[in-house]
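K.L.:
As input, take work-v7.cif (mmCIF, N, CA and C atoms):
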```cif
data_query
loop_
_atom_site.label_atom_id
_atom_site.label_comp_id
_atom_site.auth_asym_id
_atom_site.auth_seq_id
_atom_site.Cartn_x
_atom_site.Cartn_y
_atom_site.Cartn_z
N MET A 1 0.85 -1.17 0.00
CA MET A 1 0.00 0.00 0.00
C MET A 1 0.90 1.23 0.00
N LYS A 2 0.55 2.15 -0.84
CA LYS A 2 1.33 3.38 -0.93
C LYS A 2 0.95 4.33 0.19
N ARG A 3 1.85 5.24 0.42
CA ARG A 3 1.68 6.19 1.52
C ARG A 3 0.41 7.02 1.36
N ARG A 4 0.13 7.51 0.18
CA ARG A 4 -1.05 8.34 -0.07
C ARG A 4 -2.33 7.53 0.19
N GLU A 5 -2.39 6.29 -0.24
CA GLU A 5 -3.55 5.43 -0.01
C GLU A 5 -3.74 5.18 1.48
N PHE A 6 -2.65 4.98 2.18
CA PHE A 6 -2.71 4.74 3.63
C PHE A 6 -3.27 5.95 4.36
N ILE A 7 -2.79 7.14 4.00
CA ILE A 7 -3.26 8.37 4.66
C ILE A 7 -4.74 8.59 4.35
N THR A 8 -5.16 8.33 3.12
CA THR A 8 -6.57 8.46 2.75
C THR A 8 -7.43 7.48 3.55
N LEU A 9 -6.97 6.25 3.66
CA LEU A 9 -7.69 5.25 4.43
C LEU A 9 -7.78 5.65 5.90
N LEU A 10 -6.70 6.10 6.47
CA LEU A 10 -6.67 6.51 7.86
C LEU A 10 -7.57 7.72 8.10
N GLY A 11 -7.53 8.70 7.21
CA GLY A 11 -8.38 9.89 7.33
C GLY A 11 -9.86 9.53 7.22
N GLY A 12 -10.20 8.65 6.28
CA GLY A 12 -11.58 8.22 6.13
C GLY A 12 -12.08 7.48 7.36
N ALA A 13 -11.23 6.65 7.95
CA ALA A 13 -11.61 5.91 9.15
C ALA A 13 -11.81 6.87 10.32
N ALA A 14 -10.97 7.90 10.42
CA ALA A 14 -11.08 8.87 11.52
C ALA A 14 -12.39 9.65 11.42
N VAL A 15 -12.85 9.93 10.21
CA VAL A 15 -14.10 10.66 10.02
C VAL A 15 -15.29 9.75 10.28
N ALA A 16 -15.24 8.52 9.81
CA ALA A 16 -16.37 7.61 9.92
C ALA A 16 -16.51 6.99 11.31
N TRP A 17 -15.43 6.88 12.06
CA TRP A 17 -15.46 6.20 13.35
C TRP A 17 -16.46 6.81 14.33
N PRO A 18 -16.47 8.13 14.56
CA PRO A 18 -17.45 8.68 15.51
C PRO A 18 -18.89 8.43 15.07
N LEU A 19 -19.16 8.46 13.77
CA LEU A 19 -20.51 8.21 13.28
C LEU A 19 -20.92 6.77 13.56
N GLY A 20 -20.02 5.84 13.34
CA GLY A 20 -20.31 4.44 13.61
C GLY A 20 -20.49 4.18 15.09
N ALA A 21 -19.68 4.81 15.91
CA ALA A 21 -19.79 4.62 17.35
C ALA A 21 -21.11 5.16 17.86
N GLN A 22 -21.56 6.29 17.31
CA GLN A 22 -22.84 6.85 17.72
C GLN A 22 -24.00 5.94 17.33
N ALA A 23 -23.93 5.36 16.17
CA ALA A 23 -25.01 4.51 15.69
C ALA A 23 -25.13 3.23 16.51
N GLN A 24 -24.04 2.79 17.12
CA GLN A 24 -24.06 1.54 17.85
C GLN A 24 -24.60 1.68 19.27
N GLN A 25 -24.76 2.89 19.76
CA GLN A 25 -25.25 3.07 21.12
C GLN A 25 -26.76 2.83 21.14
N PRO A 26 -27.22 1.89 21.99
CA PRO A 26 -28.65 1.61 22.03
C PRO A 26 -29.43 2.74 22.69
N ALA A 27 -30.61 3.02 22.17
CA ALA A 27 -31.47 4.02 22.79
C ALA A 27 -32.09 3.40 24.04
N THR A 28 -32.14 4.16 25.10
CA THR A 28 -32.73 3.66 26.34
C THR A 28 -34.23 3.88 26.30
N VAL A 29 -34.96 2.81 26.43
CA VAL A 29 -36.42 2.88 26.46
C VAL A 29 -36.85 2.81 27.92
N PRO A 30 -37.63 3.79 28.37
CA PRO A 30 -38.07 3.77 29.77
C PRO A 30 -38.89 2.52 30.08
N ARG A 31 -38.73 2.01 31.30
CA ARG A 31 -39.46 0.82 31.73
C ARG A 31 -40.25 1.14 32.99
N ILE A 32 -41.49 0.69 32.99
CA ILE A 32 -42.35 0.79 34.16
C ILE A 32 -42.59 -0.62 34.67
N GLY A 33 -42.43 -0.82 35.95
CA GLY A 33 -42.76 -2.10 36.56
C GLY A 33 -44.17 -2.04 37.13
N TRP A 34 -44.97 -3.06 36.87
CA TRP A 34 -46.35 -3.12 37.37
C TRP A 34 -46.53 -4.41 38.14
N ILE A 35 -47.03 -4.32 39.37
CA ILE A 35 -47.30 -5.53 40.14
C ILE A 35 -48.66 -5.38 40.83
N ALA A 36 -49.51 -6.36 40.60
CA ALA A 36 -50.84 -6.36 41.20
C ALA A 36 -51.33 -7.81 41.26
N ILE A 37 -52.16 -8.09 42.24
CA ILE A 37 -52.72 -9.44 42.38
C ILE A 37 -53.80 -9.63 41.32
N GLY A 38 -53.81 -10.81 40.73
CA GLY A 38 -54.85 -11.12 39.75
C GLY A 38 -54.29 -11.49 38.40
N THR A 39 -54.97 -11.04 37.36
CA THR A 39 -54.57 -11.33 35.99
C THR A 39 -54.66 -10.06 35.16
N PRO A 40 -53.95 -9.99 34.05
CA PRO A 40 -54.01 -8.79 33.22
C PRO A 40 -55.38 -8.59 32.55
N GLN A 41 -56.13 -9.66 32.36
CA GLN A 41 -57.44 -9.53 31.72
C GLN A 41 -58.39 -8.76 32.64
N GLY A 42 -58.92 -7.69 32.13
CA GLY A 42 -59.90 -6.93 32.89
C GLY A 42 -59.33 -6.01 33.94
N SER A 43 -58.02 -5.78 33.92
CA SER A 43 -57.44 -4.86 34.90
C SER A 43 -57.68 -3.42 34.44
N GLU A 44 -58.68 -2.79 35.04
CA GLU A 44 -59.03 -1.43 34.61
C GLU A 44 -57.92 -0.43 34.94
N PHE A 45 -57.16 -0.67 36.00
CA PHE A 45 -56.10 0.28 36.36
C PHE A 45 -54.93 0.21 35.39
N LEU A 46 -54.54 -1.00 35.00
CA LEU A 46 -53.47 -1.13 34.00
C LEU A 46 -53.94 -0.56 32.67
N GLY A 47 -55.18 -0.82 32.31
CA GLY A 47 -55.74 -0.26 31.07
C GLY A 47 -55.73 1.26 31.08
N ALA A 48 -56.06 1.85 32.22
CA ALA A 48 -56.06 3.31 32.35
C ALA A 48 -54.63 3.86 32.22
N LEU A 49 -53.67 3.17 32.82
CA LEU A 49 -52.27 3.60 32.70
C LEU A 49 -51.82 3.54 31.24
N GLN A 50 -52.13 2.45 30.55
CA GLN A 50 -51.75 2.30 29.15
C GLN A 50 -52.42 3.37 28.28
N GLN A 51 -53.68 3.65 28.54
CA GLN A 51 -54.39 4.66 27.77
C GLN A 51 -53.79 6.04 28.00
N GLY A 52 -53.49 6.36 29.25
CA GLY A 52 -52.86 7.65 29.55
C GLY A 52 -51.50 7.81 28.88
N LEU A 53 -50.72 6.74 28.88
CA LEU A 53 -49.41 6.79 28.22
C LEU A 53 -49.57 6.99 26.70
N ARG A 54 -50.57 6.33 26.12
CA ARG A 54 -50.83 6.51 24.68
C ARG A 54 -51.19 7.96 24.38
N ARG A 55 -52.00 8.56 25.24
CA ARG A 55 -52.38 9.97 25.04
C ARG A 55 -51.17 10.88 25.09
N LEU A 56 -50.18 10.50 25.87
CA LEU A 56 -48.95 11.30 25.97
C LEU A 56 -47.97 11.01 24.83
N GLY A 57 -48.33 10.09 23.95
CA GLY A 57 -47.49 9.79 22.80
C GLY A 57 -46.57 8.59 22.94
N TYR A 58 -46.69 7.85 24.03
CA TYR A 58 -45.86 6.67 24.22
C TYR A 58 -46.48 5.47 23.50
N VAL A 59 -45.65 4.69 22.84
CA VAL A 59 -46.10 3.48 22.17
C VAL A 59 -45.49 2.30 22.90
N GLU A 60 -46.37 1.48 23.49
CA GLU A 60 -45.88 0.36 24.29
C GLU A 60 -45.08 -0.61 23.42
N GLY A 61 -43.90 -0.95 23.92
CA GLY A 61 -43.00 -1.84 23.19
C GLY A 61 -42.01 -1.10 22.31
N ARG A 62 -42.28 0.18 22.02
CA ARG A 62 -41.35 0.97 21.19
C ARG A 62 -40.74 2.13 21.96
N SER A 63 -41.59 2.99 22.53
CA SER A 63 -41.06 4.14 23.25
C SER A 63 -41.19 3.99 24.77
N ILE A 64 -41.85 2.94 25.21
CA ILE A 64 -41.95 2.63 26.63
C ILE A 64 -42.26 1.14 26.79
N ILE A 65 -41.78 0.57 27.86
CA ILE A 65 -42.02 -0.85 28.14
C ILE A 65 -42.66 -0.96 29.52
N ILE A 66 -43.75 -1.73 29.59
CA ILE A 66 -44.39 -2.00 30.88
C ILE A 66 -44.15 -3.46 31.21
N GLU A 67 -43.38 -3.69 32.26
CA GLU A 67 -43.09 -5.04 32.73
C GLU A 67 -44.13 -5.38 33.80
N THR A 68 -44.95 -6.38 33.55
CA THR A 68 -46.01 -6.72 34.50
C THR A 68 -45.71 -8.01 35.25
N ARG A 69 -46.12 -8.03 36.50
CA ARG A 69 -46.03 -9.23 37.33
C ARG A 69 -47.38 -9.37 38.02
N TRP A 70 -47.93 -10.58 37.97
CA TRP A 70 -49.27 -10.84 38.49
C TRP A 70 -49.25 -12.01 39.48
N PRO A 71 -48.91 -11.79 40.75
CA PRO A 71 -49.01 -12.88 41.72
C PRO A 71 -50.47 -13.29 41.88
N THR A 72 -50.69 -14.57 42.15
CA THR A 72 -52.07 -15.06 42.26
C THR A 72 -52.75 -14.63 43.56
N ASP A 73 -51.95 -14.47 44.62
CA ASP A 73 -52.52 -13.98 45.88
C ASP A 73 -51.41 -13.30 46.69
N ILE A 74 -51.77 -12.81 47.85
CA ILE A 74 -50.85 -12.01 48.67
C ILE A 74 -49.62 -12.80 49.12
N SER A 75 -49.73 -14.11 49.21
CA SER A 75 -48.60 -14.91 49.69
C SER A 75 -47.75 -15.48 48.55
N ASP A 76 -48.08 -15.14 47.33
CA ASP A 76 -47.42 -15.74 46.16
C ASP A 76 -46.22 -14.93 45.69
N ARG A 77 -45.08 -15.12 46.30
CA ARG A 77 -43.78 -14.62 45.83
C ARG A 77 -43.69 -13.12 45.54
N VAL A 78 -44.42 -12.28 46.22
CA VAL A 78 -44.42 -10.85 45.93
C VAL A 78 -43.01 -10.25 46.03
N PRO A 79 -42.26 -10.47 47.13
CA PRO A 79 -40.91 -9.89 47.18
C PRO A 79 -40.01 -10.37 46.04
N GLU A 80 -40.14 -11.65 45.68
CA GLU A 80 -39.33 -12.19 44.58
C GLU A 80 -39.68 -11.51 43.26
N LEU A 81 -40.96 -11.28 43.02
CA LEU A 81 -41.40 -10.63 41.78
C LEU A 81 -40.95 -9.17 41.73
N VAL A 82 -40.95 -8.50 42.87
CA VAL A 82 -40.46 -7.12 42.92
C VAL A 82 -38.96 -7.09 42.61
N ARG A 83 -38.22 -8.05 43.14
CA ARG A 83 -36.78 -8.13 42.83
C ARG A 83 -36.55 -8.38 41.33
N GLU A 84 -37.42 -9.17 40.71
CA GLU A 84 -37.32 -9.37 39.25
C GLU A 84 -37.47 -8.04 38.51
N LEU A 85 -38.45 -7.26 38.94
CA LEU A 85 -38.65 -5.95 38.30
C LEU A 85 -37.45 -5.05 38.49
N LEU A 86 -36.89 -5.05 39.68
CA LEU A 86 -35.70 -4.23 39.95
C LEU A 86 -34.52 -4.68 39.10
N ALA A 87 -34.39 -5.99 38.89
CA ALA A 87 -33.30 -6.52 38.05
C ALA A 87 -33.45 -6.09 36.60
N LEU A 88 -34.67 -5.76 36.18
CA LEU A 88 -34.90 -5.30 34.81
C LEU A 88 -34.64 -3.80 34.66
N ASN A 89 -34.19 -3.16 35.74
CA ASN A 89 -33.87 -1.72 35.74
C ASN A 89 -35.07 -0.85 35.38
N VAL A 90 -36.20 -1.13 36.01
CA VAL A 90 -37.36 -0.28 35.80
C VAL A 90 -37.11 1.07 36.45
N GLN A 91 -37.66 2.13 35.85
CA GLN A 91 -37.48 3.47 36.40
C GLN A 91 -38.47 3.78 37.52
N VAL A 92 -39.62 3.09 37.51
CA VAL A 92 -40.65 3.27 38.54
C VAL A 92 -41.43 1.97 38.65
N ILE A 93 -41.93 1.69 39.85
CA ILE A 93 -42.78 0.52 40.06
C ILE A 93 -44.15 1.01 40.50
N VAL A 94 -45.18 0.46 39.85
CA VAL A 94 -46.55 0.74 40.25
C VAL A 94 -47.06 -0.51 40.95
N ALA A 95 -47.46 -0.36 42.21
CA ALA A 95 -47.98 -1.48 42.99
C ALA A 95 -49.43 -1.16 43.33
N GLN A 96 -50.28 -2.15 43.16
CA GLN A 96 -51.71 -1.92 43.36
C GLN A 96 -52.29 -2.95 44.31
N GLY A 97 -53.15 -2.47 45.18
CA GLY A 97 -53.93 -3.37 46.02
C GLY A 97 -53.26 -3.75 47.33
N ALA A 98 -53.62 -4.94 47.80
CA ALA A 98 -53.21 -5.41 49.12
C ALA A 98 -51.73 -5.75 49.21
N ILE A 99 -51.00 -5.78 48.08
CA ILE A 99 -49.58 -6.14 48.14
C ILE A 99 -48.69 -4.97 48.49
N VAL A 100 -49.25 -3.77 48.57
CA VAL A 100 -48.46 -2.58 48.84
C VAL A 100 -47.55 -2.74 50.06
N PRO A 101 -48.02 -3.25 51.22
CA PRO A 101 -47.12 -3.39 52.37
C PRO A 101 -45.97 -4.37 52.13
N LEU A 102 -46.13 -5.31 51.20
CA LEU A 102 -45.06 -6.27 50.92
C LEU A 102 -44.02 -5.72 49.94
N VAL A 103 -44.39 -4.72 49.18
CA VAL A 103 -43.49 -4.16 48.17
C VAL A 103 -42.48 -3.21 48.79
N ARG A 104 -42.94 -2.36 49.64
CA ARG A 104 -42.10 -1.28 50.17
C ARG A 104 -40.80 -1.75 50.81
N PRO A 105 -40.78 -2.80 51.65
CA PRO A 105 -39.51 -3.21 52.27
C PRO A 105 -38.47 -3.73 51.28
N VAL A 106 -38.89 -4.17 50.10
CA VAL A 106 -37.96 -4.74 49.12
C VAL A 106 -37.28 -3.65 48.29
N ILE A 107 -37.92 -2.50 48.14
CA ILE A 107 -37.44 -1.43 47.28
C ILE A 107 -36.32 -0.66 47.99
N ASP A 108 -35.30 -0.28 47.22
CA ASP A 108 -34.23 0.54 47.79
C ASP A 108 -34.37 2.00 47.36
N SER A 109 -34.04 2.31 46.12
CA SER A 109 -34.10 3.71 45.68
C SER A 109 -35.00 3.92 44.47
N THR A 110 -35.61 2.89 43.97
CA THR A 110 -36.52 3.03 42.82
C THR A 110 -37.82 3.65 43.29
N PRO A 111 -38.31 4.67 42.60
CA PRO A 111 -39.60 5.26 43.00
C PRO A 111 -40.74 4.26 42.86
N VAL A 112 -41.69 4.36 43.78
CA VAL A 112 -42.84 3.47 43.77
C VAL A 112 -44.12 4.31 43.83
N VAL A 113 -45.08 3.95 42.98
CA VAL A 113 -46.39 4.58 43.00
C VAL A 113 -47.35 3.53 43.54
N PHE A 114 -48.09 3.88 44.58
CA PHE A 114 -49.02 2.94 45.18
C PHE A 114 -50.43 3.32 44.81
N GLY A 115 -51.20 2.34 44.36
CA GLY A 115 -52.61 2.56 44.07
C GLY A 115 -53.42 1.54 44.83
N LEU A 116 -54.48 1.97 45.41
CA LEU A 116 -55.32 1.05 46.18
C LEU A 116 -56.61 0.75 45.50
#
```
Here is the file; what I need is its structure written in the form of structure tokens.

P.N.:
Amino acid sequence: MKRREFITLLGGAAVAWPLGAQAQQPATVPRIGWIAIGTPQGSEFLGALQQGLRRLGYVEGRSIIIETRWPTDISDRVPELVRELLALNVQVIVAQGAIVPLVRPVIDSTPVVFGL
């Protein structure tokens, strides 16, 4: 390889490198953790949250992710499910119903919204 070709190659790489590095950085999509007793079918509170987010321009799965956990009853692994949500790096956890007292001791610094 001749000197001129080498310098051209090196200069081109120096210009293209920052653009390539920028393109490789993943966009962070906000995550909401949701935990409530029951099932997702017919959950009016989760539906209201999803509808409100849509009105604000969020598209579930693209611009926001809602991670849901549905224990069958109050004794069904609530602290473990909250730890799962924390491991997913959710920005906020929404806890609904009778599980609220079980959620709070597990949380460290993640904001929690309680709904009854």

K.L.:
Pick out the residues sitting within 10 Å of segment 81-84 of chain A, and hand them over as a VMD selection string; count only C-alpha atoms, and ignore anything fewer than 3 positions along from it in its own chain.

P.N.:
chain A and resid 33 to 35 67 to 71 76 to 78 87 to 90 93 95 102 to 104 106 to 107

K.L.:
Can you tell me how far atom CA of Ile65 of chain A sits from atom CA of Asp108 of chain A, in Å to one decimal?

P.N.:
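These two atoms are separated by 21.2 Å.
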
K.L.:
Report the centre and edge lengths, in Å to one decimal, of an axis-aligned box enclosing every atom of segment 93-111 of chain A listed in the file, padded by 5 Å on each side, as AutoDock Vina command-line options.

P.N.:
```
--center_x -44.0 --center_y -0.5 --center_z 46.1 --size_x 29.9 --size_y 21.5 --size_z 22.5
```

K.L.:
Looking at A:Leu53, A:Ala36, A:Val112, A:Val59, which one is nearest to Leu86 of chain A, with distances taken over only C-alpha atoms?

P.N.:
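Comparing A:Leu53, A:Ala36, A:Val112, A:Val59 against Leu86 of chain A, the winner is A:Val112.
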
K.L.:
Taking the DSSP assignment computed from this structure's backbone, write out as a list in words all residues of segment 17-105 of chain A that belong to strand (DSSP E).

P.N.:
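Those in segment 17-105 of chain A that DSSP calls strand (DSSP E) are Arg31, Ile32, Gly33, Trp34, Ile35, Ala36, Ile65, Ile66, Glu67, Thr68, Arg69, Val92, Ile93, Val94, Ala95 and Gln96 of chain A.
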
K.L.:
Would you list the contacts of Gly115 of chain A as a VMD selection string, taking every protein, DNA or RNA residue within 7 Å and counting all atoms listed in the file, but skipping same-chain residues closer than 3 positions in sequence?

P.N.:
chain A and resid 94 to 97
